[in-house]
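Reproduced below: coords-v3.txt, with compact mmCIF, C-alpha atoms (C1' of nucleotides).
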# COMPACT_ATOMS: atom_id res chain seq x y z
CA MET A 14 -1.43 -5.89 0.63
CA LEU A 15 0.74 -8.49 2.19
CA ARG A 16 3.86 -7.53 0.40
CA LEU A 17 7.21 -6.84 1.98
CA SER A 18 8.54 -3.38 1.27
CA LYS A 19 11.61 -2.83 -0.84
CA ARG A 20 13.34 -1.71 2.31
CA VAL A 21 12.89 -5.16 3.79
CA GLU A 22 13.89 -6.89 0.56
CA TYR A 23 17.02 -4.80 0.30
CA GLY A 24 17.76 -5.29 3.97
CA LEU A 25 17.52 -9.04 3.67
CA MET A 26 19.77 -9.08 0.65
CA ALA A 27 22.29 -6.96 2.49
CA LEU A 28 22.19 -9.14 5.58
CA GLN A 29 22.63 -12.17 3.38
CA TYR A 30 25.63 -10.50 1.81
CA LEU A 31 27.15 -9.69 5.18
CA ALA A 32 26.51 -13.20 6.43
CA LYS A 33 28.16 -14.70 3.37
CA SER A 34 31.18 -12.42 3.45
CA GLY A 35 31.51 -12.88 7.19
CA THR A 36 33.36 -9.61 7.49
CA VAL A 37 32.96 -5.88 6.93
CA ALA A 38 31.34 -4.73 3.70
CA THR A 39 30.48 -1.27 2.48
CA THR A 40 27.12 -0.01 1.36
CA ARG A 41 28.64 0.89 -2.00
CA GLU A 42 29.87 -2.66 -2.45
CA ILE A 43 26.55 -4.28 -1.57
CA SER A 44 24.64 -1.76 -3.64
CA ALA A 45 26.75 -2.53 -6.71
CA SER A 46 26.71 -6.26 -6.20
CA LYS A 47 22.94 -6.53 -5.76
CA ASN A 48 21.86 -3.66 -7.97
CA ILE A 49 20.23 -1.74 -5.17
CA PRO A 50 19.89 2.08 -5.29
CA TYR A 51 22.75 3.33 -3.16
CA ASP A 52 20.96 6.08 -1.24
CA LEU A 53 18.11 3.83 -0.33
CA LEU A 54 20.34 1.02 0.80
CA ALA A 55 22.37 3.45 2.87
CA LYS A 56 19.28 4.29 4.89
CA VAL A 57 18.32 0.69 5.23
CA MET A 58 21.75 -0.05 6.65
CA GLN A 59 21.39 2.82 9.09
CA SER A 60 18.06 1.45 10.25
CA LEU A 61 19.53 -2.00 10.69
CA LYS A 62 22.27 -0.46 12.72
CA SER A 63 20.03 1.56 15.00
CA GLU A 64 18.00 -1.59 15.61
CA GLY A 65 21.21 -3.24 16.74
CA ILE A 66 21.33 -5.90 14.06
CA ILE A 67 24.55 -4.75 12.45
CA ASP A 68 27.47 -2.63 13.51
CA SER A 69 29.08 0.18 11.57
CA TYR A 70 32.69 1.22 11.17
CA GLN A 71 33.41 4.65 9.82
CA GLY A 72 36.40 5.86 7.92
CA VAL A 73 38.36 4.60 5.00
CA ARG A 74 38.28 0.89 5.84
CA GLY A 75 34.81 1.14 7.27
CA GLY A 76 31.54 -0.50 6.43
CA TYR A 77 29.00 -2.73 8.14
CA ALA A 78 29.17 -6.13 9.75
CA LEU A 79 26.72 -8.47 11.44
CA LEU A 80 26.53 -8.06 15.18
CA PHE A 81 25.23 -11.60 15.71
CA SER A 82 25.40 -14.97 14.05
CA PRO A 83 23.02 -15.41 11.08
CA GLU A 84 21.12 -18.04 13.09
CA SER A 85 20.19 -15.57 15.76
CA ILE A 86 18.78 -12.86 13.50
CA ASN A 87 15.19 -13.63 12.65
CA LEU A 88 13.06 -12.02 9.97
CA SER A 89 10.53 -10.64 12.37
CA ARG A 90 13.21 -8.45 13.84
CA VAL A 91 14.42 -7.32 10.44
CA VAL A 92 10.92 -6.38 9.37
CA LYS A 93 10.38 -4.45 12.56
CA ALA A 94 13.58 -2.53 11.95
CA LEU A 95 12.71 -1.64 8.38
CA ASP A 96 8.98 -1.34 7.98
CA GLU A 97 6.73 1.46 8.95
CA HIS A 98 3.72 -0.72 9.48
CA THR A 99 4.52 -3.93 11.19
CA THR A 100 0.97 -4.68 12.19
CA ILE A 101 -1.65 -6.45 10.16
CA THR A 102 -4.22 -3.78 11.04
CA GLU A 103 -4.17 -0.27 12.40
CA CYS A 104 -5.79 -1.22 15.68
CA ILE A 105 -2.98 -3.55 16.65
CA SER A 106 -0.42 -1.22 18.09
CA PRO A 107 2.52 -2.32 20.12
CA SER A 108 2.31 0.79 22.24
CA GLY A 109 -1.42 0.64 22.81
CA GLU A 110 -2.33 3.71 20.77
CA HIS A 111 -5.58 2.15 19.63
CA ALA A 112 -7.27 5.49 19.35
CA THR A 113 -5.86 6.02 15.85
CA CYS A 114 -8.34 3.75 14.16
CA GLN A 115 -11.58 5.47 13.22
CA MET A 116 -13.55 2.26 13.46
CA PHE A 117 -12.31 1.20 16.85
CA ASP A 118 -15.80 1.08 18.33
CA THR A 119 -17.70 -0.52 15.48
CA CYS A 120 -14.93 -2.94 14.61
CA THR A 121 -15.65 -6.46 15.70
CA ILE A 122 -12.60 -8.25 14.45
CA LYS A 123 -9.95 -6.78 16.71
CA GLU A 124 -9.22 -9.86 18.79
CA PRO A 125 -9.04 -12.35 15.94
CA MET A 126 -6.76 -9.96 14.04
CA ASN A 127 -4.55 -9.84 17.05
CA LYS A 128 -4.39 -13.60 17.08
CA LEU A 129 -3.52 -13.66 13.40
CA GLN A 130 -0.85 -11.05 13.93
CA LEU A 131 0.83 -13.25 16.52
CA ARG A 132 0.77 -16.23 14.21
CA MET A 133 2.27 -14.28 11.35
CA GLU A 134 4.99 -12.95 13.60
CA GLU A 135 5.68 -16.46 14.72
CA SER A 136 6.10 -17.52 11.11
CA MET A 137 8.61 -14.78 10.48
CA GLY A 138 10.29 -15.24 13.80
CA LYS A 139 11.08 -18.82 12.94
CA MET A 140 13.04 -17.90 9.86
CA THR A 141 16.56 -16.58 10.26
CA ILE A 142 19.23 -15.05 8.08
CA ALA A 143 20.97 -18.42 8.16
CA GLU A 144 18.16 -19.75 5.98
CA LEU A 145 19.04 -17.24 3.30
CA LEU A 146 22.46 -18.73 2.77
CA MET B 19 4.22 -3.19 4.67
CA LEU B 20 2.56 -6.17 6.17
CA ARG B 21 -0.80 -4.63 6.58
CA LEU B 22 -4.08 -6.03 5.38
CA SER B 23 -5.95 -3.75 3.00
CA LYS B 24 -9.22 -2.12 3.93
CA ARG B 25 -10.84 -4.39 1.39
CA VAL B 26 -9.81 -7.40 3.41
CA GLU B 27 -10.80 -5.81 6.69
CA TYR B 28 -14.21 -4.90 5.34
CA GLY B 29 -14.60 -8.29 3.76
CA LEU B 30 -13.86 -10.06 7.01
CA MET B 31 -16.29 -7.88 8.89
CA ALA B 32 -18.96 -8.59 6.31
CA LEU B 33 -18.33 -12.32 6.40
CA GLN B 34 -18.50 -12.22 10.15
CA TYR B 35 -21.82 -10.42 9.87
CA LEU B 36 -23.18 -12.97 7.43
CA ALA B 37 -21.97 -15.82 9.61
CA LYS B 38 -23.64 -14.34 12.65
CA SER B 39 -26.92 -13.59 10.95
CA GLY B 40 -26.92 -16.98 9.29
CA THR B 41 -29.18 -15.71 6.55
CA VAL B 42 -29.31 -13.15 3.73
CA ALA B 43 -28.10 -9.63 4.48
CA THR B 44 -27.83 -6.63 2.22
CA THR B 45 -24.76 -4.54 1.54
CA ARG B 46 -26.63 -1.47 2.79
CA GLU B 47 -27.42 -3.21 6.05
CA ILE B 48 -23.86 -4.36 6.67
CA SER B 49 -22.46 -1.01 5.59
CA ALA B 50 -24.66 0.82 8.09
CA SER B 51 -24.06 -1.63 10.89
CA LYS B 52 -20.29 -1.63 10.58
CA ASN B 53 -19.76 1.91 9.36
CA ILE B 54 -18.19 0.85 6.10
CA PRO B 55 -18.41 3.08 2.98
CA TYR B 56 -21.24 1.60 0.97
CA ASP B 57 -19.72 1.75 -2.50
CA LEU B 58 -16.52 0.17 -1.37
CA LEU B 59 -18.26 -2.60 0.50
CA ALA B 60 -20.44 -3.26 -2.53
CA LYS B 61 -17.36 -4.06 -4.56
CA VAL B 62 -15.88 -6.16 -1.83
CA MET B 63 -19.08 -8.21 -1.77
CA GLN B 64 -18.93 -8.63 -5.53
CA SER B 65 -15.37 -9.87 -5.28
CA LEU B 66 -16.30 -12.32 -2.56
CA LYS B 67 -19.08 -13.53 -4.76
CA SER B 68 -16.98 -14.02 -7.84
CA GLU B 69 -14.50 -15.96 -5.73
CA GLY B 70 -17.36 -18.25 -4.75
CA ILE B 71 -17.30 -17.48 -1.05
CA ILE B 72 -20.75 -15.96 -0.87
CA ASP B 73 -23.86 -16.10 -3.01
CA SER B 74 -25.99 -13.18 -4.14
CA TYR B 75 -29.72 -12.77 -4.52
CA GLN B 76 -30.97 -9.89 -6.56
CA GLY B 77 -34.24 -8.06 -6.28
CA VAL B 78 -36.19 -6.58 -3.46
CA ARG B 79 -35.58 -9.29 -0.89
CA GLY B 80 -32.10 -9.88 -2.11
CA GLY B 81 -28.68 -9.65 -0.54
CA TYR B 82 -25.76 -11.92 0.17
CA ALA B 83 -25.34 -15.11 2.12
CA LEU B 84 -22.47 -17.44 2.94
CA LEU B 85 -22.06 -20.28 0.52
CA PHE B 86 -20.24 -22.48 3.04
CA SER B 87 -20.07 -22.94 6.78
CA PRO B 88 -17.88 -20.40 8.58
CA GLU B 89 -15.49 -23.23 9.54
CA SER B 90 -14.73 -23.97 5.93
CA ILE B 91 -13.85 -20.45 4.82
CA ASN B 92 -10.26 -19.66 5.67
CA LEU B 93 -8.59 -16.27 5.65
CA SER B 94 -6.10 -17.17 2.98
CA ARG B 95 -8.95 -17.56 0.57
CA VAL B 96 -10.53 -14.29 1.60
CA VAL B 97 -7.28 -12.42 1.17
CA LYS B 98 -6.79 -13.94 -2.24
CA ALA B 99 -10.27 -12.84 -3.26
CA LEU B 100 -9.80 -9.27 -2.08
CA ASP B 101 -6.19 -8.29 -2.41
CA GLU B 102 -4.27 -7.27 -5.43
CA HIS B 103 -0.94 -8.46 -4.14
CA THR B 104 -1.16 -11.74 -2.37
CA THR B 105 2.51 -12.47 -2.55
CA ILE B 106 5.21 -11.37 -0.16
CA THR B 107 7.44 -10.31 -3.04
CA GLU B 108 7.02 -9.55 -6.70
CA CYS B 109 9.00 -12.55 -7.84
CA ILE B 110 6.63 -15.02 -6.26
CA SER B 111 3.91 -15.32 -8.80
CA PRO B 112 1.28 -18.02 -8.75
CA SER B 113 1.29 -18.12 -12.51
CA GLY B 114 5.04 -18.08 -12.97
CA GLU B 115 5.29 -14.63 -14.48
CA HIS B 116 8.62 -14.02 -12.82
CA ALA B 117 9.76 -11.73 -15.59
CA THR B 118 8.03 -8.76 -13.96
CA CYS B 119 10.70 -8.24 -11.34
CA GLN B 120 13.60 -6.09 -12.49
CA MET B 121 15.99 -7.76 -10.10
CA PHE B 122 15.18 -11.32 -10.99
CA ASP B 123 18.75 -12.12 -11.97
CA THR B 124 20.64 -10.35 -9.21
CA CYS B 125 18.16 -11.34 -6.53
CA THR B 126 19.45 -14.05 -4.25
CA ILE B 127 16.59 -14.39 -1.84
CA LYS B 128 13.95 -15.83 -4.10
CA GLU B 129 13.81 -19.33 -2.67
CA PRO B 130 13.76 -18.34 0.98
CA MET B 131 11.05 -15.79 0.23
CA ASN B 132 9.07 -18.53 -1.38
CA LYS B 133 9.42 -20.61 1.72
CA LEU B 134 8.29 -17.72 3.88
CA GLN B 135 5.34 -17.11 1.62
CA LEU B 136 4.18 -20.67 2.12
CA ARG B 137 4.46 -20.39 5.87
CA MET B 138 2.50 -17.17 5.96
CA GLU B 139 -0.19 -18.67 3.80
CA GLU B 140 -0.31 -21.61 6.13
CA SER B 141 -0.85 -19.25 9.06
CA MET B 142 -3.74 -17.57 7.32
CA GLY B 143 -5.12 -20.80 5.99
CA LYS B 144 -5.47 -22.15 9.49
CA MET B 145 -7.75 -19.35 10.59
CA THR B 146 -11.38 -19.46 9.53
CA ILE B 147 -14.41 -17.19 9.67
CA ALA B 148 -15.64 -19.32 12.56
CA GLU B 149 -12.83 -17.86 14.63
CA LEU B 150 -14.25 -14.39 14.12
CA LEU B 151 -17.47 -15.23 15.92
C1' DA C 9 -47.27 -3.10 -14.84
C1' DC C 10 -44.15 -0.72 -12.20
C1' DA C 11 -41.72 1.13 -8.44
C1' DA C 12 -38.65 0.11 -4.86
C1' DA C 13 -34.76 -2.36 -3.24
C1' DG C 14 -31.17 -4.88 -4.59
C1' DT C 15 -26.79 -6.34 -7.11
C1' DA C 16 -23.16 -5.36 -11.06
C1' DG C 17 -19.51 -2.93 -12.51
C1' DG C 18 -16.73 0.68 -15.07
C1' DA C 19 -14.47 5.15 -14.71
C1' DC C 20 -12.66 8.42 -12.04
C1' DT C 21 -10.53 11.28 -8.06
C1' DA C 22 -8.25 11.72 -3.82
C1' DA C 23 -5.39 10.23 -0.28
C1' DA C 24 -1.75 7.73 1.58
C1' DT C 25 2.34 5.13 1.29
C1' DT C 26 6.62 3.77 -0.56
C1' DA C 27 10.56 4.36 -3.43
C1' DG C 28 14.02 6.94 -4.73
C1' DT C 29 17.01 11.37 -4.94
C1' DC C 30 19.76 15.25 -3.32
C1' DG C 31 22.63 17.81 -0.43
C1' DT C 32 25.48 18.33 3.34
C1' DA C 33 27.93 17.04 7.58
C1' DC C 34 30.73 14.11 10.28
C1' DT C 35 34.50 10.32 11.00
C1' DT C 36 38.51 7.66 10.36
C1' DT C 37 42.54 5.62 8.24
C1' DA C 38 46.32 5.48 4.87
C1' DT D 1 44.94 15.93 4.54
C1' DA D 2 42.42 13.70 1.09
C1' DA D 3 39.79 9.76 0.12
C1' DA D 4 36.43 6.56 1.54
C1' DG D 5 33.17 5.78 4.59
C1' DT D 6 28.78 6.48 7.54
C1' DA D 7 24.76 9.74 9.14
C1' DC D 8 20.70 11.96 8.28
C1' DG D 9 17.17 15.43 7.03
C1' DA D 10 14.41 17.26 3.29
C1' DC D 11 12.41 16.62 -0.84
C1' DT D 12 10.17 14.61 -5.24
C1' DA D 13 8.22 11.04 -7.89
C1' DA D 14 5.83 6.90 -8.45
C1' DT D 15 2.72 3.54 -7.05
C1' DT D 16 -0.99 1.72 -4.56
C1' DT D 17 -5.12 1.92 -2.04
C1' DA D 18 -9.35 4.10 -0.65
C1' DG D 19 -13.24 6.12 -1.75
C1' DT D 20 -16.81 8.31 -5.00
C1' DC D 21 -19.91 8.73 -8.90
C1' DC D 22 -22.79 7.17 -12.36
C1' DT D 23 -25.47 4.06 -15.02
C1' DA D 24 -27.43 -0.47 -15.93
C1' DC D 25 -29.61 -4.67 -14.84
C1' DT D 26 -32.71 -7.87 -11.77
C1' DT D 27 -36.32 -9.31 -8.85
C1' DT D 28 -40.15 -9.04 -5.65
C1' DG D 29 -44.30 -6.93 -3.71
C1' DT D 30 -48.30 -4.37 -4.53
Could you render the structure as structure tokens?
Amino acid sequence: MLRLSKRVEYGLMALQYLAKSGTVATTREISASKNIPYDLLAKVMQSLKSEGIIDSYQGVRGGYALLFSPESINLSRVVKALDEHTTITECISPSGEHATCQMFDTCTIKEPMNKLQLRMEESMGKMTIAELL
Amino acid sequence: MLRLSKRVEYGLMALQYLAKSGTVATTREISASKNIPYDLLAKVMQSLKSEGIIDSYQGVRGGYALLFSPESINLSRVVKALDEHTTITECISPSGEHATCQMFDTCTIKEPMNKLQLRMEESMGKMTIAELL
DNA sequence: ACAAAGTAGGACTAAATTAGTCGTACTTTA
DNA sequence: TAAAGTACGACTAATTTAGTCCTACTTTGT
């Protein structure tokens, strides 16, 4: 499967919304506008916040807003904030926890997969929220 | 999720094996050598065959062999042969069956996702089985 | 001729992942 | 102080992927 999760889809739509509005918008507002399940979007927004992509304002006039210009938020970062599995294979772990994969010893495609991973990340890294506008 | 399926992993390992051996190899042999569940690998091989990447020989001295040089088999093709979902999102369908996606109307990221899809495919298309050797 | 070693492939079960829901607590402004 | 927000953990449901089982067909060597 090479499909983006709904979390990422929703996140991108929300970021696009924030970029377009250029100001603070609430989860409720985005959810209604884009037809995204509220609870799910709420968590997505929280993840985007804890990754430092957006900022939150609580209270009655609260909501979320972009923390950077659309040009400086790339998709690779968004995916990393929202997806569980960011790596193409199990053996490619950012933190070096290779031991997880059962086939670590017999596997003979680790290095090429690593190379591919980098290229894919590069592809995503080159695209920014600005390109969604 | 941006993770390759086991089918693809196994398929790549098998293609690497075939490329290395340069001749006919059986599913049993590859399965044992790489520690891949036999039944699953068998289906992967069948898929690779029906996609025209490898050829099969039945009977007692049978097995599978590459149909092309390793340099001319790219990963994009392998993924397409082995994965259910080849597209980054539901709305990107090779055959134009957009109607599947519930959000088709409200969705505002279709075109950029299409662009991303093409770039990812390009990344995979540039890598060949020869790079696994 | 026939048995062994293969591929071919459908149907099914189990496991893992993702999507989505629910409930409750905390925060701020009008 | 109430309304409108964010924050977040726990849970359930749905979907997808992985893996297994079983039976049939094909070819080569003896």
Would you kindly report the residues of chain B within 8 Å of chain D, using only C-alpha atoms (C1' of nucleotides), as a PDB file with C-alpha atoms, in the frame of the given file?
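Generated file (iface.pdb):
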ATOM      1  CA  SER B  23      -5.950  -3.750   3.000  1.00  0.00           C
ATOM      2  CA  LYS B  24      -9.220  -2.120   3.930  1.00  0.00           C
ATOM      3  CA  PRO B  55     -18.410   3.080   2.980  1.00  0.00           C
ATOM      4  CA  ASP B  57     -19.720   1.750  -2.500  1.00  0.00           C
ATOM      5  CA  LEU B  58     -16.520   0.170  -1.370  1.00  0.00           C
ATOM      6  CA  GLN B  76     -30.970  -9.890  -6.560  1.00  0.00           C
ATOM      7  CA  GLY B  77     -34.240  -8.060  -6.280  1.00  0.00           C
ATOM      8  CA  VAL B  78     -36.190  -6.580  -3.460  1.00  0.00           C
ATOM      9  CA  ARG B  79     -35.580  -9.290  -0.890  1.00  0.00           C
ATOM     10  CA  GLY B  80     -32.100  -9.880  -2.110  1.00  0.00           C
TER      11      GLY B  80
END
Find the residues of chain B in contact range of chain A, meaning any atom within 9 Å when counting only C-alpha atoms, and list them as a compact mmCIF listing (two decimals) with C-alpha atoms, keeping the file's coordinate frame.
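Produced file result19.txt, reproduced below:
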# COMPACT_ATOMS: atom_id res chain seq x y z
CA MET B 19 4.22 -3.19 4.67
CA LEU B 20 2.56 -6.17 6.17
CA ARG B 21 -0.80 -4.63 6.58
CA LEU B 22 -4.08 -6.03 5.38
CA SER B 23 -5.95 -3.75 3.00
CA LYS B 24 -9.22 -2.12 3.93
CA VAL B 26 -9.81 -7.40 3.41
CA GLU B 27 -10.80 -5.81 6.69
CA LEU B 30 -13.86 -10.06 7.01
CA MET B 31 -16.29 -7.88 8.89
CA GLN B 34 -18.50 -12.22 10.15
CA SER B 51 -24.06 -1.63 10.89
CA LYS B 52 -20.29 -1.63 10.58
CA ASN B 53 -19.76 1.91 9.36
CA ILE B 54 -18.19 0.85 6.10
CA VAL B 97 -7.28 -12.42 1.17
CA ASP B 101 -6.19 -8.29 -2.41
CA GLU B 102 -4.27 -7.27 -5.43
CA HIS B 103 -0.94 -8.46 -4.14
CA THR B 104 -1.16 -11.74 -2.37
CA THR B 105 2.51 -12.47 -2.55
CA ILE B 106 5.21 -11.37 -0.16
CA THR B 107 7.44 -10.31 -3.04
CA GLU B 108 7.02 -9.55 -6.70
CA MET B 121 15.99 -7.76 -10.10
CA THR B 124 20.64 -10.35 -9.21
CA CYS B 125 18.16 -11.34 -6.53
CA THR B 126 19.45 -14.05 -4.25
CA ILE B 127 16.59 -14.39 -1.84
CA GLU B 129 13.81 -19.33 -2.67
CA PRO B 130 13.76 -18.34 0.98
CA MET B 131 11.05 -15.79 0.23
CA LEU B 134 8.29 -17.72 3.88
CA ARG B 137 4.46 -20.39 5.87
CA MET B 138 2.50 -17.17 5.96
CA SER B 141 -0.85 -19.25 9.06
CA MET B 142 -3.74 -17.57 7.32
CA MET B 145 -7.75 -19.35 10.59
CA GLU B 149 -12.83 -17.86 14.63
CA LEU B 150 -14.25 -14.39 14.12
CA LEU B 151 -17.47 -15.23 15.92
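Near chain B, the residues of chain C that fall inside 9 Å (using only C-alpha atoms (C1' of nucleotides)) are DA12, DA13, DG14, DT15, DA16 and DG17 of chain C.
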Once you add 6 Å to each side, what are the centre and edge lengths of the axis-aligned box holding all listed atoms of range 16-27 of chain D? One decimal in Å, as AutoDock Vina command-line options, if you can.
--center_x -18.7 --center_y -0.3 --center_z -8.3 --size_x 47.3 --size_y 30.0 --size_z 27.3
(message) What does the structure give for the distance between CA of Leu79 in chain A and C1' of DA38 in chain C, in Å to one decimal?
(response)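 Between CA of Leu79 in chain A and C1' of DA38 in chain C the gap is 24.9 Å.
Separating CA of Ile105 in chain A from CA of Asn127 in chain A is a distance of 6.5 Å.
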(request) Measure the distance from CA of Ala38 in chain A to CA of Phe81 in chain A in Å and round it to one decimal. (result)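 Distance reported for this atom pair: 15.1 Å.
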